[in-house]
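Heads up, model.pdb below (PDB, C-alpha atoms and all ligand atoms):
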```pdb
ATOM      1  CA  ALA F   1     138.470  22.605 -12.073  1.00  0.00           C
ATOM      2  CA  ASP F   2     141.117  25.034 -10.819  1.00  0.00           C
ATOM      3  CA  SER F   3     144.812  24.301 -11.269  1.00  0.00           C
ATOM      4  CA  ASP F   4     146.671  22.391  -8.557  1.00  0.00           C
ATOM      5  CA  PRO F   5     148.471  24.241  -5.757  1.00  0.00           C
ATOM      6  CA  LEU F   6     152.260  24.051  -5.413  1.00  0.00           C
ATOM      7  CA  GLN F   7     152.384  24.787  -1.661  1.00  0.00           C
ATOM      8  CA  ASP F   8     150.456  23.752   1.463  1.00  0.00           C
ATOM      9  CA  PHE F   9     148.313  26.858   1.317  1.00  0.00           C
ATOM     10  CA  CYS F  10     148.318  30.362  -0.067  1.00  0.00           C
ATOM     11  CA  VAL F  11     145.834  32.485   1.834  1.00  0.00           C
ATOM     12  CA  GLY F  12     144.862  35.152  -0.655  1.00  0.00           C
ATOM     13  CA  ASP F  13     146.027  38.703  -0.108  1.00  0.00           C
ATOM     14  CA  LEU F  14     142.911  40.454  -1.358  1.00  0.00           C
ATOM     15  CA  LYS F  15     144.604  43.859  -1.135  1.00  0.00           C
ATOM     16  CA  ALA F  16     147.074  42.815  -3.816  1.00  0.00           C
ATOM     17  CA  SER F  17     146.081  42.699  -7.484  1.00  0.00           C
ATOM     18  CA  PRO F  18     144.798  39.281  -8.554  1.00  0.00           C
ATOM     19  CA  SER F  19     147.424  37.585 -10.676  1.00  0.00           C
ATOM     20  CA  ILE F  20     146.862  35.111 -13.473  1.00  0.00           C
ATOM     21  CA  ASN F  21     145.170  32.437 -11.343  1.00  0.00           C
ATOM     22  CA  GLY F  22     143.985  34.020  -8.127  1.00  0.00           C
ATOM     23  CA  PHE F  23     145.651  36.167  -5.521  1.00  0.00           C
ATOM     24  CA  PRO F  24     149.251  36.394  -4.243  1.00  0.00           C
ATOM     25  CA  CYS F  25     149.772  34.695  -0.866  1.00  0.00           C
ATOM     26  CA  LYS F  26     149.378  36.700   2.313  1.00  0.00           C
ATOM     27  CA  SER F  27     152.686  36.678   4.203  1.00  0.00           C
ATOM     28  CA  ALA F  28     151.491  36.334   7.835  1.00  0.00           C
ATOM     29  CA  VAL F  29     148.735  33.788   8.463  1.00  0.00           C
ATOM     30  CA  SER F  30     147.056  32.573  11.631  1.00  0.00           C
ATOM     31  CA  ALA F  31     144.446  29.989  12.546  1.00  0.00           C
ATOM     32  CA  SER F  32     141.614  32.460  12.081  1.00  0.00           C
ATOM     33  CA  ASP F  33     142.408  32.674   8.367  1.00  0.00           C
ATOM     34  CA  PHE F  34     141.256  29.066   7.928  1.00  0.00           C
ATOM     35  CA  PHE F  35     137.817  29.406   9.518  1.00  0.00           C
ATOM     36  CA  TYR F  36     134.758  31.224   8.236  1.00  0.00           C
ATOM     37  CA  SER F  37     131.515  32.044  10.029  1.00  0.00           C
ATOM     38  CA  GLY F  38     129.390  33.352   7.166  1.00  0.00           C
ATOM     39  CA  LEU F  39     127.387  30.285   6.103  1.00  0.00           C
ATOM     40  CA  GLY F  40     124.843  30.031   8.917  1.00  0.00           C
ATOM     41  CA  GLY F  41     122.153  32.429   7.706  1.00  0.00           C
ATOM     42  CA  PRO F  42     119.332  33.151   8.149  1.00  0.00           C
ATOM     43  CA  LEU F  43     119.291  35.267   4.983  1.00  0.00           C
ATOM     44  CA  ASP F  44     116.641  37.795   3.986  1.00  0.00           C
ATOM     45  CA  THR F  45     114.890  36.347   0.942  1.00  0.00           C
ATOM     46  CA  SER F  46     112.411  39.202   0.408  1.00  0.00           C
ATOM     47  CA  ASN F  47     113.492  40.105  -3.121  1.00  0.00           C
ATOM     48  CA  PRO F  48     111.817  39.583  -6.512  1.00  0.00           C
ATOM     49  CA  ASN F  49     113.187  36.059  -7.028  1.00  0.00           C
ATOM     50  CA  GLY F  50     112.827  34.993  -3.397  1.00  0.00           C
ATOM     51  CA  VAL F  51     116.401  33.731  -3.171  1.00  0.00           C
ATOM     52  CA  THR F  52     119.564  34.887  -1.439  1.00  0.00           C
ATOM     53  CA  VAL F  53     123.008  33.350  -1.797  1.00  0.00           C
ATOM     54  CA  ALA F  54     125.826  33.837   0.722  1.00  0.00           C
ATOM     55  CA  PRO F  55     129.098  32.670  -0.844  1.00  0.00           C
ATOM     56  CA  ALA F  56     132.183  31.293   0.860  1.00  0.00           C
ATOM     57  CA  ASN F  57     134.542  31.778  -2.055  1.00  0.00           C
ATOM     58  CA  VAL F  58     138.036  33.241  -2.324  1.00  0.00           C
ATOM     59  CA  LEU F  59     136.624  36.760  -2.098  1.00  0.00           C
ATOM     60  CA  THR F  60     134.912  36.194   1.260  1.00  0.00           C
ATOM     61  CA  PHE F  61     137.129  33.365   2.610  1.00  0.00           C
ATOM     62  CA  PRO F  62     140.603  34.047   1.185  1.00  0.00           C
ATOM     63  CA  ALA F  63     142.090  30.806   2.589  1.00  0.00           C
ATOM     64  CA  LEU F  64     140.369  29.078  -0.351  1.00  0.00           C
ATOM     65  CA  ASN F  65     142.886  30.722  -2.696  1.00  0.00           C
ATOM     66  CA  THR F  66     144.611  28.019  -4.823  1.00  0.00           C
ATOM     67  CA  LEU F  67     142.608  25.184  -3.210  1.00  0.00           C
ATOM     68  CA  GLY F  68     139.957  24.796  -5.914  1.00  0.00           C
ATOM     69  CA  LEU F  69     137.003  24.791  -3.513  1.00  0.00           C
ATOM     70  CA  SER F  70     134.117  27.019  -2.494  1.00  0.00           C
ATOM     71  CA  MET F  71     130.609  26.832  -1.033  1.00  0.00           C
ATOM     72  CA  ASN F  72     127.333  28.759  -0.926  1.00  0.00           C
ATOM     73  CA  ASN F  73     124.525  28.989   1.590  1.00  0.00           C
ATOM     74  CA  VAL F  74     121.384  29.325  -0.544  1.00  0.00           C
ATOM     75  CA  GLU F  75     118.035  30.209   1.038  1.00  0.00           C
ATOM     76  CA  LEU F  76     114.748  30.254  -0.876  1.00  0.00           C
ATOM     77  CA  ALA F  77     111.431  31.704   0.275  1.00  0.00           C
ATOM     78  CA  PRO F  78     108.397  29.466  -0.390  1.00  0.00           C
ATOM     79  CA  GLY F  79     107.912  29.634  -4.169  1.00  0.00           C
ATOM     80  CA  GLY F  80     111.294  31.321  -4.583  1.00  0.00           C
ATOM     81  CA  VAL F  81     113.444  30.585  -7.620  1.00  0.00           C
ATOM     82  CA  ASN F  82     117.207  30.638  -8.026  1.00  0.00           C
ATOM     83  CA  PRO F  83     117.064  31.622 -11.710  1.00  0.00           C
ATOM     84  CA  PRO F  84     118.649  29.607 -14.518  1.00  0.00           C
ATOM     85  CA  HIS F  85     122.407  30.119 -14.346  1.00  0.00           C
ATOM     86  CA  SER F  86     125.667  28.338 -15.063  1.00  0.00           C
ATOM     87  CA  HIS F  87     129.116  28.229 -13.472  1.00  0.00           C
ATOM     88  CA  PRO F  88     131.827  28.443 -16.126  1.00  0.00           C
ATOM     89  CA  ARG F  89     134.628  27.242 -13.865  1.00  0.00           C
ATOM     90  CA  ALA F  90     133.114  24.477 -11.711  1.00  0.00           C
ATOM     91  CA  SER F  91     130.783  21.576 -11.212  1.00  0.00           C
ATOM     92  CA  GLU F  92     128.396  21.998  -8.309  1.00  0.00           C
ATOM     93  CA  VAL F  93     127.295  19.510  -5.655  1.00  0.00           C
ATOM     94  CA  GLY F  94     124.615  20.489  -3.185  1.00  0.00           C
ATOM     95  CA  THR F  95     122.563  19.215  -0.312  1.00  0.00           C
ATOM     96  CA  VAL F  96     119.209  20.426   0.940  1.00  0.00           C
ATOM     97  CA  ILE F  97     119.366  21.140   4.684  1.00  0.00           C
ATOM     98  CA  GLN F  98     115.758  22.210   5.076  1.00  0.00           C
ATOM     99  CA  GLY F  99     112.670  22.071   2.885  1.00  0.00           C
ATOM    100  CA  SER F 100     111.928  20.705  -0.585  1.00  0.00           C
ATOM    101  CA  VAL F 101     113.591  22.061  -3.686  1.00  0.00           C
ATOM    102  CA  PHE F 102     112.854  21.271  -7.327  1.00  0.00           C
ATOM    103  CA  VAL F 103     116.350  21.142  -8.828  1.00  0.00           C
ATOM    104  CA  GLY F 104     116.949  20.896 -12.560  1.00  0.00           C
ATOM    105  CA  PHE F 105     119.795  21.135 -15.043  1.00  0.00           C
ATOM    106  CA  LEU F 106     119.848  21.128 -18.829  1.00  0.00           C
ATOM    107  CA  THR F 107     122.223  19.310 -21.087  1.00  0.00           C
ATOM    108  CA  THR F 108     123.732  20.907 -24.169  1.00  0.00           C
ATOM    109  CA  ASN F 109     120.968  19.051 -26.078  1.00  0.00           C
ATOM    110  CA  SER F 110     118.262  20.775 -23.974  1.00  0.00           C
ATOM    111  CA  THR F 111     117.308  17.647 -22.030  1.00  0.00           C
ATOM    112  CA  LEU F 112     116.070  18.569 -18.556  1.00  0.00           C
ATOM    113  CA  PHE F 113     117.121  16.372 -15.636  1.00  0.00           C
ATOM    114  CA  SER F 114     115.125  17.310 -12.536  1.00  0.00           C
ATOM    115  CA  LYS F 115     113.865  16.073  -9.183  1.00  0.00           C
ATOM    116  CA  VAL F 116     112.349  17.374  -5.974  1.00  0.00           C
ATOM    117  CA  VAL F 117     115.269  17.191  -3.537  1.00  0.00           C
ATOM    118  CA  ASN F 118     114.345  16.929   0.136  1.00  0.00           C
ATOM    119  CA  ALA F 119     116.345  17.617   3.286  1.00  0.00           C
ATOM    120  CA  GLY F 120     119.247  15.204   3.575  1.00  0.00           C
ATOM    121  CA  GLU F 121     119.416  14.517  -0.157  1.00  0.00           C
ATOM    122  CA  ALA F 122     122.011  15.761  -2.625  1.00  0.00           C
ATOM    123  CA  PHE F 123     122.285  16.752  -6.270  1.00  0.00           C
ATOM    124  CA  VAL F 124     125.053  17.428  -8.752  1.00  0.00           C
ATOM    125  CA  ILE F 125     125.267  19.932 -11.597  1.00  0.00           C
ATOM    126  CA  PRO F 126     127.947  19.119 -14.168  1.00  0.00           C
ATOM    127  CA  ARG F 127     130.323  21.972 -14.950  1.00  0.00           C
ATOM    128  CA  GLY F 128     128.972  24.771 -17.082  1.00  0.00           C
ATOM    129  CA  LEU F 129     125.440  23.416 -17.495  1.00  0.00           C
ATOM    130  CA  VAL F 130     122.421  25.674 -16.996  1.00  0.00           C
ATOM    131  CA  HIS F 131     120.484  24.864 -13.796  1.00  0.00           C
ATOM    132  CA  PHE F 132     117.921  26.311 -11.388  1.00  0.00           C
ATOM    133  CA  GLN F 133     116.272  25.654  -8.026  1.00  0.00           C
ATOM    134  CA  TRP F 134     112.652  26.276  -7.034  1.00  0.00           C
ATOM    135  CA  ASN F 135     111.312  26.017  -3.488  1.00  0.00           C
ATOM    136  CA  VAL F 136     108.213  23.843  -3.851  1.00  0.00           C
ATOM    137  CA  GLY F 137     107.616  23.539  -0.083  1.00  0.00           C
ATOM    138  CA  GLN F 138     105.602  25.627   2.353  1.00  0.00           C
ATOM    139  CA  VAL F 139     108.578  26.796   4.408  1.00  0.00           C
ATOM    140  CA  LYS F 140     111.884  28.468   3.712  1.00  0.00           C
ATOM    141  CA  ALA F 141     114.289  26.081   1.975  1.00  0.00           C
ATOM    142  CA  ARG F 142     117.987  26.010   2.665  1.00  0.00           C
ATOM    143  CA  MET F 143     120.778  24.338   0.687  1.00  0.00           C
ATOM    144  CA  ILE F 144     124.536  24.209   0.954  1.00  0.00           C
ATOM    145  CA  THR F 145     126.273  23.989  -2.402  1.00  0.00           C
ATOM    146  CA  ALA F 146     129.949  23.309  -3.092  1.00  0.00           C
ATOM    147  CA  PHE F 147     132.172  23.872  -6.119  1.00  0.00           C
ATOM    148  CA  ASN F 148     135.505  22.642  -7.402  1.00  0.00           C
ATOM    149  CA  SER F 149     136.733  26.191  -7.943  1.00  0.00           C
ATOM    150  CA  GLN F 150     137.706  28.957  -5.553  1.00  0.00           C
ATOM    151  CA  LEU F 151     135.562  31.291  -7.693  1.00  0.00           C
ATOM    152  CA  PRO F 152     133.146  29.314  -9.894  1.00  0.00           C
ATOM    153  CA  GLY F 153     131.511  32.403 -11.442  1.00  0.00           C
ATOM    154  CA  ALA F 154     127.822  32.555 -12.241  1.00  0.00           C
ATOM    155  CA  VAL F 155     126.258  33.494 -15.561  1.00  0.00           C
ATOM    156  CA  VAL F 156     122.668  34.288 -14.537  1.00  0.00           C
ATOM    157  CA  LEU F 157     120.789  34.096 -17.807  1.00  0.00           C
ATOM    158  CA  PRO F 158     117.983  36.662 -17.234  1.00  0.00           C
ATOM    159  CA  ASN F 159     120.424  39.257 -15.899  1.00  0.00           C
ATOM    160  CA  THR F 160     123.072  38.495 -18.511  1.00  0.00           C
ATOM    161  CA  LEU F 161     120.663  38.776 -21.431  1.00  0.00           C
ATOM    162  CA  PHE F 162     118.309  41.524 -20.256  1.00  0.00           C
ATOM    163  CA  GLY F 163     120.360  43.435 -17.692  1.00  0.00           C
ATOM    164  CA  SER F 164     123.752  43.789 -19.342  1.00  0.00           C
ATOM    165  CA  ASN F 165     125.728  47.021 -19.413  1.00  0.00           C
ATOM    166  CA  PRO F 166     125.766  48.209 -22.096  1.00  0.00           C
ATOM    167  CA  GLU F 167     122.530  46.605 -23.297  1.00  0.00           C
ATOM    168  CA  ILE F 168     122.364  43.921 -25.965  1.00  0.00           C
ATOM    169  CA  PRO F 169     120.634  45.586 -28.966  1.00  0.00           C
ATOM    170  CA  ASN F 170     116.889  44.842 -29.117  1.00  0.00           C
ATOM    171  CA  ALA F 171     117.381  43.655 -32.693  1.00  0.00           C
ATOM    172  CA  VAL F 172     119.488  40.792 -31.347  1.00  0.00           C
ATOM    173  CA  LEU F 173     117.079  39.835 -28.574  1.00  0.00           C
ATOM    174  CA  THR F 174     113.843  40.114 -30.587  1.00  0.00           C
ATOM    175  CA  ARG F 175     115.346  37.890 -33.264  1.00  0.00           C
ATOM    176  CA  ALA F 176     116.909  35.451 -30.803  1.00  0.00           C
ATOM    177  CA  PHE F 177     113.698  35.044 -28.796  1.00  0.00           C
ATOM    178  CA  ARG F 178     111.410  35.355 -31.850  1.00  0.00           C
ATOM    179  CA  THR F 179     109.464  38.116 -30.159  1.00  0.00           C
ATOM    180  CA  ASP F 180     108.847  41.868 -30.379  1.00  0.00           C
ATOM    181  CA  ASP F 181     110.386  45.058 -29.031  1.00  0.00           C
ATOM    182  CA  THR F 182     107.687  45.549 -26.397  1.00  0.00           C
ATOM    183  CA  THR F 183     108.391  42.163 -24.843  1.00  0.00           C
ATOM    184  CA  VAL F 184     112.149  42.691 -24.900  1.00  0.00           C
ATOM    185  CA  GLN F 185     111.807  46.214 -23.487  1.00  0.00           C
ATOM    186  CA  ASN F 186     109.557  44.900 -20.705  1.00  0.00           C
ATOM    187  CA  LEU F 187     112.101  42.252 -19.755  1.00  0.00           C
ATOM    188  CA  LYS F 188     114.964  44.765 -19.902  1.00  0.00           C
ATOM    189  CA  SER F 189     113.058  47.084 -17.563  1.00  0.00           C
ATOM    190  CA  LYS F 190     113.090  44.385 -14.857  1.00  0.00           C
ATOM    191  CA  PHE F 191     116.831  43.755 -15.029  1.00  0.00           C
ATOM    192  CA  SER F 192     118.320  47.183 -15.681  1.00  0.00           C
ATOM    193  CA  GLY F 193     121.428  47.974 -13.663  1.00  0.00           C
TER
HETATM  194  C1  LIG E 201     123.107  26.998  -6.712  1.00  0.00           C
HETATM  195  O1  LIG E 201     122.850  26.632  -7.845  1.00  0.00           O
HETATM  196  C2  LIG E 201     124.317  27.697  -6.408  1.00  0.00           C
HETATM  197  O2  LIG E 201     124.967  28.097  -7.394  1.00  0.00           O
HETATM  198  O3  LIG E 201     124.682  27.846  -5.228  1.00  0.00           O
HETATM  199 MN    MN E 202     124.531  26.995  -9.223  1.00  0.00          MN
END
```
Whole structure, structure tokens version:
Amino acid sequence: ADSDPLQDFCVGDLKASPSINGFPCKSAVSASDFFYSGLGGPLDTSNPNGVTVAPANVLTFPALNTLGLSMNNVELAPGGVNPPHSHPRASEVGTVIQGSVFVGFLTTNSTLFSKVVNAGEAFVIPRGLVHFQWNVGQVKARMITAFNSQLPGAVVLPNTLFGSNPEIPNAVLTRAFRTDDTTVQNLKSKFSG
């Protein structure tokens, strides 16, 4: 969903200030700029959600600047969940390399489309829609996802709503979730910072 490039490539100069749509082009480029070794894992998934994402986006692989593409290596511990999130600037297509992953996305009418995706199978998440992945297998699951943006962005709903800085007033969250202060405070305590 990024705008089209007007030159063969424009390897991002990350030391320069980002301009309106990405980074200025680096002046001297070499072959090594166009290759990236950071997608192989294995990643440490021992964290509360049991998921770790290693991105190849313009910030880690600056040759993607202006090309409207990026990828992630996503690894999920057994039972691990990549929490509900959305990408404001891209659709997502992914393939499971290892394991079995319950993948779901929600339409703007709150219809859930979901399936257990096994190794060798693929899924697509239309731009901006909320989605999640859950490792339903007995072993670590691994997926490679790809995006039509050099920096798709991720709005991770639990962190956005309960871990923002500054905080969203409890009055907003108790009313929005039709619950009480204790529940909201408990959720906030898990996502602070
Ligand atoms: C998975 O949903 C990802 O954003 O890589
Ligand atoms: Mn995603």
* **Residue members of the PyMOL selection byres (((chain F and resi 38) around 10) and not hetatm) in the file shown, as a list in words** =>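 Expected selection for the PyMOL selection byres (((chain F and resi 38) around 10) and not hetatm) here is Phe35, Tyr36, Ser37, Leu39, Gly40, Gly41, Ala54, Pro55, Ala56, Thr60, Phe61, Asn72 and Asn73 of chain F.
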Residue by residue, what does the PyMOL selection byres (((chain F and resi 172-189) around 12) and not hetatm) grab here? Present the result as a compact mmCIF listing (two decimals) with C-alpha atoms, in the frame of the given file.
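Output file out.txt is given in full below:
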```
# COMPACT_ATOMS: atom_id res chain seq x y z
CA PRO F 158 117.98 36.66 -17.23
CA ASN F 159 120.42 39.26 -15.90
CA THR F 160 123.07 38.49 -18.51
CA LEU F 161 120.66 38.78 -21.43
CA PHE F 162 118.31 41.52 -20.26
CA GLY F 163 120.36 43.44 -17.69
CA SER F 164 123.75 43.79 -19.34
CA ASN F 165 125.73 47.02 -19.41
CA PRO F 166 125.77 48.21 -22.10
CA GLU F 167 122.53 46.60 -23.30
CA ILE F 168 122.36 43.92 -25.96
CA PRO F 169 120.63 45.59 -28.97
CA ASN F 170 116.89 44.84 -29.12
CA ALA F 171 117.38 43.66 -32.69
CA LYS F 190 113.09 44.38 -14.86
CA PHE F 191 116.83 43.76 -15.03
CA SER F 192 118.32 47.18 -15.68
CA GLY F 193 121.43 47.97 -13.66
```
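If one restricts the calculation to all atoms listed in the file, the set of residues situated within 9 Å of ligand LIG 201 (chain E) consists of F:Val53, F:Ala54, F:Pro55, F:Met71, F:Asn72, F:Asn73, F:Val74, F:Asn82, F:Pro83, F:Pro84, F:His85, F:Ser86, F:His87, F:Glu92, F:Val93, F:Gly94, F:Val103, F:Ile125, F:His131, F:Phe132, F:Gln133, F:Met143, F:Ile144, F:Thr145, F:Ala146, F:Phe147, F:Pro152, F:Gly153, F:Ala154.
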* To do: List, as a PyMOL selection string, every residue that the PyMOL selection byres (((chain F and resi 5) around 10) and not hetatm) selects in the file provided.
  => chain F and resi 2-4+6-10+65-68
* To one decimal place, how far is atom CA of Gly137 of chain F from atom CA of Val51 of chain F in Å? ->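 The value is 13.8 Å.
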* For atom CA of Val130 of chain F and atom CA of Ser46 of chain F, the interatomic separation in Å (one decimal) ->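 One can read the atom CA of Val130 of chain F to atom CA of Ser46 of chain F distance as 24.2 Å.
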* Asked: Distance atom CA of Leu76 of chain F-atom CA of Ala119 of chain F, one decimal place?
  -> 13.4 Å
* Structure fact -> Using all atoms listed in the file, the shortest atom-to-atom distance to Thr52 of chain F among F:Val117, F:Val101, F:Arg142, F:Pro24 belongs to F:Arg142
Once 4 Å is added on each side, what are the centre and the three edge lengths, in Å to one decimal, of the axis-aligned box enclosing the listed atoms of segment 1-4 of chain F? Present them as AutoDock Vina command-line options.
```
--center_x 142.6 --center_y 23.7 --center_z -10.3 --size_x 16.2 --size_y 10.6 --size_z 11.5
```
* Hey, what's within 12 Å of Thr107 of chain F if we count all atoms listed in the file and toss same-chain stuff fewer than 2 positions away? As an MDAnalysis selection string, please? -> chainID F and resid 86 104:105 109:114 125:131
* **Among the residues F:Ala16, F:Ala31, F:Val124, F:Pro88, the one that comes closest to Val155 of chain F [using only C-alpha atoms]** =>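 Residue with the minimum atom-to-atom distance to Val155 of chain F: F:Pro88.
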* **Which of F:Lys26, F:Lys140, F:Lys115, F:Arg89 sits closest to Asp13 of chain F [using all atoms listed in the file]** =>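 Among F:Lys26, F:Lys140, F:Lys115, F:Arg89, it is F:Lys26 that comes nearest to Asp13 of chain F.
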* From the set F:Pro18, F:Pro62, F:Gly120, F:Pro42, which residue has the shortest atom-to-atom contact distance to Gln150 of chain F, counting only C-alpha atoms? ->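 Among the listed residues, the smallest separation from Gln150 of chain F belongs to F:Pro62.
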* Structure fact -> Between F:Ala77, F:Ile97, F:Val116, F:Ser70, smallest distance to ligand MN 202 (chain E) by all atoms listed in the file belongs to F:Ser70
* To do: Choose the residue, out of F:Leu43, F:Ala90, F:Val136, F:Cys25, that has the smallest atom-to-atom separation from ligand MN 202 (chain E); count all atoms listed in the file.
  => F:Ala90
